[in-house]
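Heads up, protein14.cif below (mmCIF, C-alpha atoms):
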```cif
data_data
loop_
_atom_site.label_atom_id
_atom_site.label_comp_id
_atom_site.auth_asym_id
_atom_site.auth_seq_id
_atom_site.Cartn_x
_atom_site.Cartn_y
_atom_site.Cartn_z
CA MET A 17 138.65 96.75 104.65
CA LYS A 18 137.48 96.82 108.25
CA TYR A 19 136.14 99.83 110.11
CA LEU A 20 134.89 100.73 113.57
CA CYS A 21 131.24 101.77 113.42
CA ALA A 22 130.58 105.12 115.12
CA THR A 23 126.97 104.07 115.79
CA CYS A 24 127.37 100.65 117.39
CA ASN A 25 131.11 100.68 118.24
CA ALA A 26 131.57 97.26 116.58
CA GLU A 27 134.05 96.38 113.85
CA HIS A 28 132.54 95.64 110.44
CA ASP A 29 133.87 94.40 107.09
CA GLY A 30 133.53 96.58 104.02
CA PHE A 31 133.31 100.33 103.70
CA PRO A 32 131.51 102.57 106.17
CA SER A 33 128.64 104.56 104.76
CA TRP A 34 128.82 108.31 105.00
CA GLY A 35 125.71 110.35 105.40
CA SER A 36 124.60 113.80 106.37
CA ASP A 37 121.86 114.15 108.96
CA ARG A 38 120.71 117.51 107.54
CA PRO A 39 120.50 119.13 104.11
CA ALA A 40 123.07 121.87 103.50
CA ALA A 41 120.35 124.56 103.57
CA TYR A 42 119.69 123.75 107.24
CA TRP A 43 122.97 125.45 108.16
CA ASP A 44 121.79 128.68 106.51
CA VAL A 45 118.86 129.06 108.91
CA PRO A 46 119.65 131.51 111.73
CA GLN A 47 119.90 129.82 115.13
CA GLU A 48 116.93 131.80 116.48
CA LYS A 49 114.72 130.56 113.59
CA LEU A 50 115.58 126.85 113.78
CA GLU A 51 112.76 125.93 116.15
CA SER A 52 110.06 127.91 114.33
CA ASP A 53 111.13 127.49 110.70
CA VAL A 54 112.56 123.97 110.46
CA PHE A 55 110.80 120.62 110.56
CA LEU A 56 113.47 117.88 110.56
CA THR A 57 113.19 114.10 110.78
CA SER A 58 115.68 111.40 109.84
CA ASP A 59 114.12 111.26 106.35
CA SER A 60 112.70 114.71 105.61
CA CYS A 61 113.24 118.39 106.19
CA VAL A 62 111.03 121.39 105.49
CA ILE A 63 112.41 124.89 105.89
CA ALA A 64 110.08 127.89 106.21
CA ASP A 65 107.26 125.93 104.53
CA ARG A 66 109.03 126.73 101.21
CA PHE A 67 111.98 124.37 100.85
CA PHE A 68 111.45 120.60 100.83
CA PHE A 69 114.13 117.92 101.20
CA ILE A 70 114.25 114.15 101.55
CA ARG A 71 117.06 111.82 102.50
CA ALA A 72 118.16 109.40 99.81
CA CYS A 73 120.98 107.15 98.64
CA LEU A 74 123.49 107.93 95.92
CA ASP A 75 125.11 104.64 94.93
CA LEU A 76 128.46 104.13 93.22
CA PRO A 77 129.22 100.70 91.76
CA ILE A 78 132.53 99.33 93.03
CA ILE A 79 134.55 98.15 90.03
CA GLY A 80 135.40 94.44 90.08
CA THR A 81 132.69 93.59 92.62
CA ASP A 82 128.93 93.13 92.73
CA GLU A 83 128.73 95.79 95.45
CA SER A 84 127.99 99.49 95.53
CA TYR A 85 129.04 102.21 97.89
CA SER A 86 126.11 104.29 99.10
CA TRP A 87 126.34 107.95 100.09
CA GLY A 88 123.52 109.12 102.38
CA VAL A 89 122.50 112.41 100.80
CA TRP A 90 119.73 114.99 100.81
CA VAL A 91 117.89 116.12 97.73
CA SER A 92 115.37 118.89 97.22
CA LEU A 93 111.96 118.27 95.74
CA SER A 94 109.22 120.59 94.61
CA GLU A 95 106.43 121.00 97.15
CA THR A 96 104.11 118.85 95.00
CA ASN A 97 106.64 116.02 94.67
CA PHE A 98 107.56 116.22 98.35
CA PHE A 99 103.93 115.60 99.31
CA ILE A 100 103.73 112.72 96.81
CA TRP A 101 106.76 111.23 98.57
CA GLN A 102 105.22 111.89 101.97
CA ASP A 103 101.87 110.36 100.97
CA ASN A 104 103.67 107.19 99.83
CA TYR A 105 106.27 107.01 102.59
CA GLU A 106 104.77 103.89 104.16
CA VAL A 107 103.49 102.32 100.93
CA ALA A 108 105.34 99.04 100.33
CA GLU A 109 105.21 99.11 96.52
CA ARG A 110 106.10 102.61 95.38
CA SER A 111 108.92 102.25 92.85
CA HIS A 112 106.48 102.86 89.99
CA ILE A 113 105.94 106.46 91.21
CA GLY A 114 108.16 109.08 89.58
CA PRO A 115 111.01 109.63 89.00
CA PHE A 116 111.17 113.25 90.15
CA PHE A 117 113.62 116.05 89.48
CA GLY A 118 115.65 117.35 92.41
CA TRP A 119 118.85 119.16 93.34
CA LEU A 120 121.56 117.45 95.38
CA CYS A 121 121.68 119.26 98.73
CA SER A 122 124.64 117.55 100.39
CA SER A 123 128.25 118.57 100.17
CA LEU A 124 130.55 115.58 99.72
CA SER A 125 133.91 117.00 100.76
CA VAL A 126 135.98 114.42 98.88
CA TYR A 127 134.62 115.71 95.57
CA PRO A 128 134.60 119.13 93.92
CA ASP A 129 131.46 121.11 94.81
CA THR A 130 128.46 118.74 94.78
CA LEU A 131 125.78 121.18 95.93
CA HIS A 132 122.94 121.69 93.49
CA MET A 133 123.89 118.98 91.02
CA LYS A 134 120.87 117.95 88.94
CA THR A 135 119.30 114.65 89.96
CA MET A 136 116.41 112.35 89.36
CA VAL A 137 114.86 110.82 92.48
CA HIS A 138 113.67 107.23 92.15
CA PHE A 139 111.38 105.86 94.84
CA ARG A 140 112.14 102.32 95.99
CA ASN A 141 109.98 99.64 97.53
CA HIS A 142 109.72 98.25 101.06
CA GLY A 143 110.88 101.27 103.04
CA GLN A 144 114.17 101.77 101.25
CA ARG A 145 115.26 105.37 100.90
CA PRO A 146 114.95 106.76 97.37
CA LEU A 147 117.81 106.28 94.93
CA ILE A 148 119.47 109.31 93.38
CA GLU A 149 120.54 109.35 89.74
CA LEU A 150 122.86 112.22 88.87
CA ASP A 151 122.66 114.13 85.63
CA ASP A 152 125.21 112.77 83.13
CA THR A 153 128.08 115.30 83.41
CA ASP A 154 131.86 115.33 83.61
CA HIS A 155 131.77 115.89 87.37
CA PRO A 156 133.85 113.14 89.09
CA LEU A 157 130.86 112.06 91.23
CA SER A 158 128.69 111.67 88.14
CA ILE A 159 131.46 109.73 86.40
CA HIS A 160 131.85 107.44 89.43
CA GLN A 161 128.10 106.78 89.46
CA ARG A 162 128.09 105.84 85.77
CA ALA A 163 131.45 104.08 85.39
CA GLY A 164 132.12 102.90 88.93
CA ILE A 165 134.84 103.56 91.47
CA THR A 166 137.86 101.41 92.25
CA ILE A 167 138.39 99.98 95.71
CA GLU A 168 141.61 102.00 95.90
CA GLU A 169 139.81 105.29 95.10
CA LEU A 170 137.07 104.49 97.59
CA SER A 171 139.58 103.56 100.28
CA ALA A 172 141.45 106.85 99.76
CA MET A 173 138.17 108.77 100.03
CA MET A 174 137.25 107.00 103.26
CA HIS A 175 140.63 107.89 104.75
CA ARG A 176 140.13 111.54 103.74
CA LEU A 177 136.68 111.58 105.33
CA GLU A 178 138.08 110.01 108.48
CA GLU A 179 140.78 112.70 108.64
CA ASP A 180 138.18 115.46 108.02
CA ASN A 181 136.07 114.13 110.90
CA ARG A 182 139.06 114.20 113.25
CA ALA A 183 139.92 117.81 112.39
#
```

Can you give me the file's structure in the form of structure tokens?
Amino acid sequence: MKYLCATCNAEHDGFPSWGSDRPAAYWDVPQEKLESDVFLTSDSCVIADRFFFIRACLDLPIIGTDESYSWGVWVSLSETNFFIWQDNYEVAERSHIGPFFGWLCSSLSVYPDTLHMKTMVHFRNHGQRPLIELDDTDHPLSIHQRAGITIEELSAMMHRLEEDNRA
């Protein structure tokens, strides 16, 4: 599959990654409170000094290949675990830290409700965003993470996302 990258405007082989630039809770903050109550970077978000989120990757193995599809998602962490993540953000070797419990805080529209699915957050080395492991459930996203997704299913999802973005 080829796709036109929205970031660089070049054509690439493979599947485009989808990612959210904010956790779902961001949209619940009143407009007049955004500046005072929200700290947002490309990798972290703190709301009202009470809710802590980091950006991570939720990978799905693609059946019949050695590749995975990676969703760019947000996950909540406890305050303590958020500061552990923050303290180790620039540490090269950090995969031995954790894992940590979190809640998925991204809505993936091509799946039934994904908000607040249970996760484990695994730090990765050399600046890679953490990897999300979903709780073992019968949710289709959890099944796809464990058993894999076919190229046909993934292609259909990408077309649905593309249509959603046009609407």

Exercise. For the file shown, what are the residues hit by the PyMOL selection byres ((chain A and resi 36-46) around 9), laid out as a ChimeraX atom specification?
Worked result: /A:34-35,47-50,53-54,56-61,63,67,69-71,87-92,120-123,131

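Going from atom CA of A:Arg110 to atom CA of A:Leu157 covers 26.8 Å.
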
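Using all atoms listed in the file, the nearest neighbour of A:Glu109 within the list A:Gln144, A:Thr166, A:Ser86, A:Ser171 is A:Gln144.
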
Exercise. Hey, what's within 8 Å of A:Pro128 if we count only C-alpha atoms and toss same-chain stuff fewer than 3 positions away? As a PyMOL selection string, please?
Worked result: chain A and resi 124-125+155-156

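Note that atom CA of A:Glu178 and atom CA of A:Gly143 are 29.1 Å apart.
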
Is it possible to add N, CA and C atoms to stretch 118-139 of chain A and hand it back as a CSV table (one decimal), in the frame of the given file?
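Saved the output as rebuild.csv:
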```csv
chain,number,residue,atom,x,y,z
A,118,GLY,N,115.2,116.7,91.2
A,118,GLY,CA,115.6,117.4,92.4
A,118,GLY,C,117.1,117.9,92.3
A,119,TRP,N,117.5,118.6,93.3
A,119,TRP,CA,118.8,119.2,93.3
A,119,TRP,C,119.5,118.5,94.5
A,120,LEU,N,120.8,118.0,94.3
A,120,LEU,CA,121.6,117.4,95.4
A,120,LEU,C,121.8,118.5,96.4
A,121,CYS,N,121.5,118.3,97.7
A,121,CYS,CA,121.7,119.3,98.7
A,121,CYS,C,122.6,118.8,99.8
A,122,SER,N,123.6,118.0,99.5
A,122,SER,CA,124.6,117.6,100.4
A,122,SER,C,126.0,117.9,99.8
A,123,SER,N,126.9,118.3,100.6
A,123,SER,CA,128.2,118.6,100.2
A,123,SER,C,129.1,117.4,100.5
A,124,LEU,N,129.7,116.7,99.5
A,124,LEU,CA,130.6,115.6,99.7
A,124,LEU,C,132.0,116.1,99.6
A,125,SER,N,132.6,116.3,100.7
A,125,SER,CA,133.9,117.0,100.8
A,125,SER,C,135.0,116.4,100.0
A,126,VAL,N,134.9,115.1,99.6
A,126,VAL,CA,136.0,114.4,98.9
A,126,VAL,C,135.9,114.6,97.4
A,127,TYR,N,134.8,115.4,97.0
A,127,TYR,CA,134.6,115.7,95.6
A,127,TYR,C,134.6,117.2,95.4
A,128,PRO,N,134.9,117.7,94.2
A,128,PRO,CA,134.6,119.1,93.9
A,128,PRO,C,133.1,119.4,94.3
A,129,ASP,N,132.8,120.7,94.4
A,129,ASP,CA,131.5,121.1,94.8
A,129,ASP,C,130.3,120.2,94.3
A,130,THR,N,129.6,119.6,95.2
A,130,THR,CA,128.5,118.7,94.8
A,130,THR,C,127.1,119.4,95.0
A,131,LEU,N,127.1,120.5,95.7
A,131,LEU,CA,125.8,121.2,95.9
A,131,LEU,C,125.1,121.6,94.6
A,132,HIS,N,123.8,121.3,94.6
A,132,HIS,CA,122.9,121.7,93.5
A,132,HIS,C,123.3,121.0,92.2
A,133,MET,N,123.8,119.8,92.2
A,133,MET,CA,123.9,119.0,91.0
A,133,MET,C,122.5,118.5,90.7
A,134,LYS,N,122.2,118.4,89.4
A,134,LYS,CA,120.9,118.0,88.9
A,134,LYS,C,120.7,116.5,89.2
A,135,THR,N,119.5,116.1,89.7
A,135,THR,CA,119.3,114.6,90.0
A,135,THR,C,117.9,114.2,89.5
A,136,MET,N,117.7,113.0,89.4
A,136,MET,CA,116.4,112.4,89.4
A,136,MET,C,116.3,111.5,90.6
A,137,VAL,N,115.1,111.5,91.3
A,137,VAL,CA,114.9,110.8,92.5
A,137,VAL,C,113.9,109.6,92.1
A,138,HIS,N,114.4,108.5,92.4
A,138,HIS,CA,113.7,107.2,92.2
A,138,HIS,C,113.2,106.6,93.5
A,139,PHE,N,111.9,106.5,93.7
A,139,PHE,CA,111.4,105.9,94.8
A,139,PHE,C,111.7,104.4,94.8
```
